[in-house]
Amino acid sequence: MTDQTFTPRVFSGIKPSGGLTLGNYLGAIKRWVEMQEDPTYETIFCVVDMHAITVWQDPADLTRATREVAAAMIASGIDPEKSVLFNQCRVSAHAELGWLLNCVARVGWMNRMTQFKDKAGKNTEKVSLGLYAYPSLMAADILAYHATHVPVGEDQKQHVELTRDIAAKFNHDYGRDFFPMTDPVIEGPAMRVMNLRDGSKKMSKSGESDMERINMLDDADTIAKKIKKARTDPEALPAEMDGLSGRPEARNLVNIYAGLAETTSEAVLGEFGGEGWGKFKPALAELAVEKLAPISDEMRRLLDAPDELDAIMAKGAEKAAAIANPILEETFKIMGFVR
Ligand code: TYM
């Protein structure tokens, strides 16, 4: 094996399925902007439209959601001049490498994916084959760029670990140090933003009630109302983190505050310890509106010009393909394909 050094390169993506939530913002997009500004990294961000269709998407909804994700990234500070921003279906290397990696990944590994088990539930016979194979397409997304760092929320950690397993097996089987061992980057207080009505469940785009989540496109009144109605408990806020154990809803609101304020949960408790919800919730609502309103205003403005968004994604796709295609070609070569 030859030792290869890899350029520090960030890749991450969001599925355009349903509206974006505060979880997507704090767990992903907000941190991408920080990595974009760090000169250590090249940054690549993708609207992973091919992942969205693992469950049924109405075509018009897919189109709208694709633009919404691109708008959210740009409105939050992803700069298409500094980062590569594109949608996945435009770069065929993802699907091609995805197939090659399907033949490296083992069925037993897929069977351990908790997100598949959660999403499929008892219905494993009826879900799409794509939903089952999805983590190996995600590995292809990452490995097509030789990405070394993948900033994601806590729920995606297992998929990034699987990416490492696939890369290691490929490298071992072909006797080459070709794919990097990608690191998941899961840092900060809000890597697992929970449902506002049930602190044991993740805040997700697909939850039953809109009151469970804050959407990036919610207006100020809606955000304030949702925070006011968020479930809590009768106790005051503790001064130390230990005091949050067994209080998932309280912990979640403290973590959200810390994520939005760019501080730690400990520091939030230092400020609010001993206070009741009557004081904390209005402060959180004010902070959330202050941070999210400029982003949602800008998203709406961008969504009014879909042609511009599409042109940005098309240009980004050219840059993405210029990185991914040679890596795909080399993969084919290593495997012995006649091209
Ligand atoms: P997706 O579209 O479900 O979510 C996009 C990003 O948002 C994060 N996230 C959260 N973080 C904290 N709290 C939450 N409640 C929350 N909800 C969502 C996710 O962790 C994720 O970082 N499979 C991926 C998309 C993907 C991808 C990739 C990511 C496809 N290929 C390659 C990285 C690299 C997904 O479904 O994310």
# chains A, B, ... in the order shown; residues from 1 in each chain; ligands from 1

call {"tool": "residues_around", "arguments": {"residues": "stretch 80-82 of chain A", "least_positions_apart": "6", "cutoff": "10 Å", "atoms": "only C-alpha atoms", "output": "compact mmCIF listing (two decimals) with N, CA, C and O atoms, in the first residue's frame"}}
result
# COMPACT_ATOMS: atom_id res chain seq x y z
N GLN A 36 -16.68 26.69 6.18
CA GLN A 36 -16.39 27.42 4.93
C GLN A 36 -15.41 28.57 5.18
O GLN A 36 -14.55 28.88 4.36
N GLU A 37 -15.56 29.21 6.35
CA GLU A 37 -14.71 30.38 6.65
C GLU A 37 -13.33 29.97 7.17
O GLU A 37 -12.47 30.82 7.36
N GLU A 42 -11.37 22.88 2.00
CA GLU A 42 -12.21 23.07 0.81
C GLU A 42 -13.59 22.59 1.19
O GLU A 42 -13.71 21.54 1.84
N THR A 43 -14.64 23.30 0.80
CA THR A 43 -15.97 22.89 1.27
C THR A 43 -16.94 22.63 0.11
O THR A 43 -17.01 23.42 -0.84
N ILE A 44 -17.67 21.53 0.23
CA ILE A 44 -18.61 21.11 -0.82
C ILE A 44 -19.94 20.76 -0.14
O ILE A 44 -19.97 19.92 0.76
N PHE A 45 -21.02 21.43 -0.57
CA PHE A 45 -22.32 21.20 0.04
C PHE A 45 -23.35 20.86 -1.02
O PHE A 45 -23.43 21.52 -2.06
N MET A 73 -29.29 27.25 2.38
CA MET A 73 -27.82 27.27 2.52
C MET A 73 -27.29 28.67 2.23
O MET A 73 -26.49 29.22 3.00
N ILE A 74 -27.76 29.26 1.12
CA ILE A 74 -27.23 30.58 0.73
C ILE A 74 -27.65 31.65 1.75
O ILE A 74 -26.83 32.45 2.20
N ILE A 312 -27.15 28.78 -10.02
CA ILE A 312 -26.08 28.59 -9.02
C ILE A 312 -25.78 27.10 -8.86
O ILE A 312 -24.62 26.67 -8.84
N MET A 313 -26.85 26.29 -8.77
CA MET A 313 -26.64 24.85 -8.59
C MET A 313 -25.98 24.22 -9.83
O MET A 313 -25.15 23.32 -9.71
N LYS A 315 -23.91 25.70 -11.94
CA LYS A 315 -22.50 26.08 -11.96
C LYS A 315 -21.71 25.29 -10.92
O LYS A 315 -20.60 24.82 -11.17
N GLY A 316 -22.32 25.12 -9.75
CA GLY A 316 -21.68 24.33 -8.70
C GLY A 316 -21.46 22.89 -9.15
O GLY A 316 -20.43 22.28 -8.84

call {"tool": "residues_around", "arguments": {"residues": "A:His149", "least_positions_apart": "6", "cutoff": "6 Å", "atoms": "only C-alpha atoms", "output": "ChimeraX atom specification"}}
result
/A:10,182-184

call {"tool": "residues_near_ligand", "arguments": {"ligand": "ligand 1", "cutoff": "6 Å", "atoms": "only C-alpha atoms and all ligand atoms", "output": "mmCIF file with C-alpha atoms, in the first residue's frame"}}
result
data_model
loop_
_atom_site.group_PDB
_atom_site.id
_atom_site.type_symbol
_atom_site.label_atom_id
_atom_site.label_comp_id
_atom_site.auth_asym_id
_atom_site.auth_seq_id
_atom_site.Cartn_x
_atom_site.Cartn_y
_atom_site.Cartn_z
ATOM 1 C CA PHE A 11 -18.573 17.344 2.161
ATOM 2 C CA SER A 12 -22.088 17.381 3.547
ATOM 3 C CA GLY A 13 -25.657 17.316 2.305
ATOM 4 C CA ILE A 14 -29.333 17.740 3.093
ATOM 5 C CA LYS A 15 -32.250 15.847 1.598
ATOM 6 C CA GLY A 23 -32.392 20.810 13.602
ATOM 7 C CA ASN A 24 -31.049 21.061 10.053
ATOM 8 C CA GLY A 27 -26.981 20.448 13.443
ATOM 9 C CA ALA A 28 -25.712 21.124 9.944
ATOM 10 C CA VAL A 48 -28.989 15.363 -2.046
ATOM 11 C CA MET A 138 -24.177 8.432 1.066
ATOM 12 C CA ASP A 141 -21.334 11.119 -1.991
ATOM 13 C CA ILE A 142 -18.496 11.474 0.481
ATOM 14 C CA VAL A 150 -18.258 15.378 7.219
ATOM 15 C CA VAL A 152 -23.476 16.225 10.418
ATOM 16 C CA GLY A 153 -25.947 15.994 13.282
ATOM 17 C CA GLU A 154 -25.745 13.086 15.702
ATOM 18 C CA ASP A 155 -28.330 11.031 13.763
ATOM 19 C CA GLN A 156 -25.956 10.649 10.786
ATOM 20 C CA MET A 191 -26.151 18.152 17.521
ATOM 21 C CA ARG A 192 -29.408 16.462 18.405
ATOM 22 C CA VAL A 193 -32.269 18.956 18.451
ATOM 23 C CA MET A 194 -35.330 17.264 19.882
ATOM 24 C CA LYS A 202 -35.669 13.950 17.261
ATOM 25 C CA MET A 203 -37.044 17.137 15.698
ATOM 26 C CA SER A 204 -37.693 16.072 12.112
#

call {"tool": "residues_around", "arguments": {"residues": "stretch 246-254 of chain A", "least_positions_apart": "6", "cutoff": "9 Å", "atoms": "only C-alpha atoms", "output": "list in words"}}
result
Pro189, Ala190, Arg192, Val193, Met194, Asn195, Leu196, Arg197, Asp198, Gly199, Ser200, Ile227, Ala230, Arg231, Thr232, Asp233, Leu237, Ser265, Glu266, Val268, Leu269, Lys281 and Leu284 of chain A

call {"tool": "closest_atom_pairs", "arguments": {"of": "stretch 10-77 of chain A", "to": "stretch 118-127 of chain A", "cutoff": "12 Å", "atoms": "only C-alpha atoms", "output": "tab-separated table"}}
result
residue	atom	partner	partner_atom	distance
A:Ile53	CA	A:Val127	CA	11.4
A:Thr54	CA	A:Val127	CA	8.4
A:Val55	CA	A:Val127	CA	7.8
A:Trp56	CA	A:Val127	CA	9.9

call {"tool": "write_last_selection", "arguments": {"atoms": "C-alpha atoms", "output": "mmCIF file, in the first residue's frame"}}
result
data_model
loop_
_atom_site.group_PDB
_atom_site.id
_atom_site.type_symbol
_atom_site.label_atom_id
_atom_site.label_comp_id
_atom_site.auth_asym_id
_atom_site.auth_seq_id
_atom_site.Cartn_x
_atom_site.Cartn_y
_atom_site.Cartn_z
ATOM 1 C CA ILE A 53 -36.769 9.723 -3.464
ATOM 2 C CA THR A 54 -36.001 6.775 -1.178
ATOM 3 C CA VAL A 55 -39.496 7.616 0.056
ATOM 4 C CA TRP A 56 -42.234 8.887 -2.285
#

call {"tool": "atom_distance", "arguments": {"atom1": "atom CA of A:Met110", "atom2": "atom CA of A:Val160"}}
result
12.6 Å

call {"tool": "residues_around", "arguments": {"residues": "A:Val289", "least_positions_apart": "6", "cutoff": "8 Å", "atoms": "only C-alpha atoms", "output": "list in words"}}
result
Ala220, Ile223 and Ala224 of chain A

call {"tool": "select_by_dssp", "arguments": {"residues": "stretch 27-143 of chain A", "states": "alpha helix (DSSP H)", "output": "VMD selection string"}}
result
chain A and resid 30 to 36 49 to 52 59 to 76 93 to 102 107 to 111 114 to 120 129 to 143

call {"tool": "residues_around", "arguments": {"residues": "stretch 322-336 of chain A", "least_positions_apart": "3", "cutoff": "6 Å", "atoms": "only C-alpha atoms", "output": "NGL selection string"}}
result
:A and (144-145 or 319)

call {"tool": "atom_distance", "arguments": {"atom1": "atom CA of A:Leu22", "atom2": "atom CA of A:Asp219"}}
result
12.9 Å

call {"tool": "closest_residue", "arguments": {"among": "A:Gly207, A:Gly243, A:Pro135, A:Gly259", "to": "A:Ile29", "atoms": "only C-alpha atoms"}}
result
A:Gly259

call {"tool": "residues_around", "arguments": {"residues": "A:Leu292", "least_positions_apart": "3", "cutoff": "12 Å", "atoms": "only C-alpha atoms", "output": "PDB file with N, CA and C atoms, in the first residue's frame"}}
result
ATOM      1  N   THR A  21     -35.828  22.260   9.105  1.00  0.00           N
ATOM      2  CA  THR A  21     -36.110  22.568  10.504  1.00  0.00           C
ATOM      3  C   THR A  21     -34.907  23.229  11.183  1.00  0.00           C
ATOM      4  N   LEU A  22     -35.175  23.685  12.408  1.00  0.00           N
ATOM      5  CA  LEU A  22     -34.107  24.222  13.249  1.00  0.00           C
ATOM      6  C   LEU A  22     -33.014  23.171  13.471  1.00  0.00           C
ATOM      7  N   TYR A  25     -30.681  23.367  10.670  1.00  0.00           N
ATOM      8  CA  TYR A  25     -29.877  24.585  10.754  1.00  0.00           C
ATOM      9  C   TYR A  25     -28.763  24.433  11.797  1.00  0.00           C
ATOM     10  N   LEU A  26     -29.142  24.071  13.033  1.00  0.00           N
ATOM     11  CA  LEU A  26     -28.129  24.023  14.096  1.00  0.00           C
ATOM     12  C   LEU A  26     -27.209  22.816  13.957  1.00  0.00           C
ATOM     13  N   LYS A  30     -25.476  25.714   9.914  1.00  0.00           N
ATOM     14  CA  LYS A  30     -24.773  26.777  10.649  1.00  0.00           C
ATOM     15  C   LYS A  30     -23.289  26.427  10.806  1.00  0.00           C
ATOM     16  N   ALA A  72     -31.858  27.938   1.592  1.00  0.00           N
ATOM     17  CA  ALA A  72     -31.516  27.946   3.019  1.00  0.00           C
ATOM     18  C   ALA A  72     -30.004  28.008   3.204  1.00  0.00           C
ATOM     19  N   ALA A  75     -28.923  31.593   2.165  1.00  0.00           N
ATOM     20  CA  ALA A  75     -29.409  32.591   3.130  1.00  0.00           C
ATOM     21  C   ALA A  75     -28.672  32.487   4.461  1.00  0.00           C
ATOM     22  N   SER A  76     -28.194  31.292   4.794  1.00  0.00           N
ATOM     23  CA  SER A  76     -27.478  31.109   6.066  1.00  0.00           C
ATOM     24  C   SER A  76     -26.013  31.495   5.968  1.00  0.00           C
ATOM     25  N   ILE A 214     -39.549  23.711  14.719  1.00  0.00           N
ATOM     26  CA  ILE A 214     -39.462  25.062  14.186  1.00  0.00           C
ATOM     27  C   ILE A 214     -38.933  24.923  12.767  1.00  0.00           C
ATOM     28  N   ASN A 215     -39.673  25.450  11.816  1.00  0.00           N
ATOM     29  CA  ASN A 215     -39.247  25.390  10.415  1.00  0.00           C
ATOM     30  C   ASN A 215     -38.428  26.634  10.089  1.00  0.00           C
ATOM     31  N   MET A 216     -37.471  26.468   9.199  1.00  0.00           N
ATOM     32  CA  MET A 216     -36.654  27.639   8.840  1.00  0.00           C
ATOM     33  C   MET A 216     -37.492  28.724   8.180  1.00  0.00           C
ATOM     34  N   LEU A 217     -38.645  28.358   7.622  1.00  0.00           N
ATOM     35  CA  LEU A 217     -39.498  29.372   6.980  1.00  0.00           C
ATOM     36  C   LEU A 217     -40.634  29.876   7.882  1.00  0.00           C
ATOM     37  N   ASP A 218     -40.644  29.461   9.156  1.00  0.00           N
ATOM     38  CA  ASP A 218     -41.685  29.984  10.059  1.00  0.00           C
ATOM     39  C   ASP A 218     -41.513  31.486  10.269  1.00  0.00           C
ATOM     40  N   ASP A 219     -42.664  32.182  10.415  1.00  0.00           N
ATOM     41  CA  ASP A 219     -42.536  33.620  10.699  1.00  0.00           C
ATOM     42  C   ASP A 219     -42.347  33.834  12.208  1.00  0.00           C
ATOM     43  N   ALA A 220     -42.062  35.086  12.578  1.00  0.00           N
ATOM     44  CA  ALA A 220     -41.712  35.390  13.970  1.00  0.00           C
ATOM     45  C   ALA A 220     -42.811  34.968  14.945  1.00  0.00           C
ATOM     46  N   ASP A 221     -44.076  35.240  14.601  1.00  0.00           N
ATOM     47  CA  ASP A 221     -45.175  34.901  15.523  1.00  0.00           C
ATOM     48  C   ASP A 221     -45.262  33.397  15.727  1.00  0.00           C
ATOM     49  N   THR A 222     -45.071  32.654  14.642  1.00  0.00           N
ATOM     50  CA  THR A 222     -45.168  31.191  14.737  1.00  0.00           C
ATOM     51  C   THR A 222     -44.034  30.642  15.602  1.00  0.00           C
ATOM     52  N   ILE A 223     -42.840  31.172  15.406  1.00  0.00           N
ATOM     53  CA  ILE A 223     -41.705  30.702  16.223  1.00  0.00           C
ATOM     54  C   ILE A 223     -42.001  30.969  17.704  1.00  0.00           C
ATOM     55  N   ALA A 224     -42.443  32.186  17.996  1.00  0.00           N
ATOM     56  CA  ALA A 224     -42.707  32.547  19.397  1.00  0.00           C
ATOM     57  C   ALA A 224     -43.803  31.647  19.982  1.00  0.00           C
ATOM     58  N   LEU A 260     -28.026  28.594  19.269  1.00  0.00           N
ATOM     59  CA  LEU A 260     -28.349  29.864  18.612  1.00  0.00           C
ATOM     60  C   LEU A 260     -27.443  30.992  19.094  1.00  0.00           C
ATOM     61  N   ALA A 261     -27.113  30.966  20.401  1.00  0.00           N
ATOM     62  CA  ALA A 261     -26.314  32.057  20.975  1.00  0.00           C
ATOM     63  C   ALA A 261     -24.820  31.828  20.774  1.00  0.00           C
ATOM     64  N   LEU A 284     -35.701  32.838  24.919  1.00  0.00           N
ATOM     65  CA  LEU A 284     -35.370  31.920  23.823  1.00  0.00           C
ATOM     66  C   LEU A 284     -36.117  32.311  22.544  1.00  0.00           C
ATOM     67  N   ALA A 285     -37.393  32.679  22.702  1.00  0.00           N
ATOM     68  CA  ALA A 285     -38.177  33.058  21.519  1.00  0.00           C
ATOM     69  C   ALA A 285     -37.560  34.285  20.854  1.00  0.00           C
ATOM     70  N   GLU A 286     -37.156  35.237  21.662  1.00  0.00           N
ATOM     71  CA  GLU A 286     -36.566  36.461  21.114  1.00  0.00           C
ATOM     72  C   GLU A 286     -35.271  36.147  20.365  1.00  0.00           C
ATOM     73  N   LEU A 287     -34.445  35.289  20.982  1.00  0.00           N
ATOM     74  CA  LEU A 287     -33.175  34.912  20.352  1.00  0.00           C
ATOM     75  C   LEU A 287     -33.428  34.171  19.029  1.00  0.00           C
ATOM     76  N   ALA A 288     -34.386  33.237  19.060  1.00  0.00           N
ATOM     77  CA  ALA A 288     -34.662  32.435  17.856  1.00  0.00           C
ATOM     78  C   ALA A 288     -35.142  33.342  16.724  1.00  0.00           C
ATOM     79  N   VAL A 289     -36.015  34.276  17.046  1.00  0.00           N
ATOM     80  CA  VAL A 289     -36.527  35.180  16.005  1.00  0.00           C
ATOM     81  C   VAL A 289     -35.398  36.067  15.477  1.00  0.00           C
ATOM     82  N   ILE A 295     -32.730  35.068   8.089  1.00  0.00           N
ATOM     83  CA  ILE A 295     -32.481  33.937   7.181  1.00  0.00           C
ATOM     84  C   ILE A 295     -33.757  33.604   6.411  1.00  0.00           C
ATOM     85  N   SER A 296     -34.879  33.548   7.112  1.00  0.00           N
ATOM     86  CA  SER A 296     -36.110  33.183   6.388  1.00  0.00           C
ATOM     87  C   SER A 296     -36.522  34.291   5.416  1.00  0.00           C
ATOM     88  N   ASP A 297     -36.275  35.547   5.773  1.00  0.00           N
ATOM     89  CA  ASP A 297     -36.576  36.642   4.825  1.00  0.00           C
ATOM     90  C   ASP A 297     -35.752  36.469   3.547  1.00  0.00           C
ATOM     91  N   GLU A 298     -34.470  36.183   3.723  1.00  0.00           N
ATOM     92  CA  GLU A 298     -33.585  36.021   2.569  1.00  0.00           C
ATOM     93  C   GLU A 298     -33.976  34.763   1.763  1.00  0.00           C
ATOM     94  N   MET A 299     -34.390  33.712   2.464  1.00  0.00           N
ATOM     95  CA  MET A 299     -34.832  32.506   1.746  1.00  0.00           C
ATOM     96  C   MET A 299     -36.027  32.828   0.845  1.00  0.00           C
TER      97      MET A 299
END

call {"tool": "residues_around", "arguments": {"residues": "A:Tyr41", "least_positions_apart": "6", "cutoff": "8 Å", "atoms": "only C-alpha atoms", "output": "VMD selection string"}}
result
chain A and resid 7 to 10 35

call {"tool": "select_by_dssp", "arguments": {"residues": "stretch 106-256 of chain A", "states": "strand (DSSP E or B)", "output": "number ranges by chain"}}
result
A: 149-151, 183-185, 194, 202, 215

call {"tool": "closest_residue", "arguments": {"among": "A:Thr114, A:Thr148, A:Ser17, A:Ser245", "to": "A:Thr40", "atoms": "only C-alpha atoms"}}
result
A:Thr148
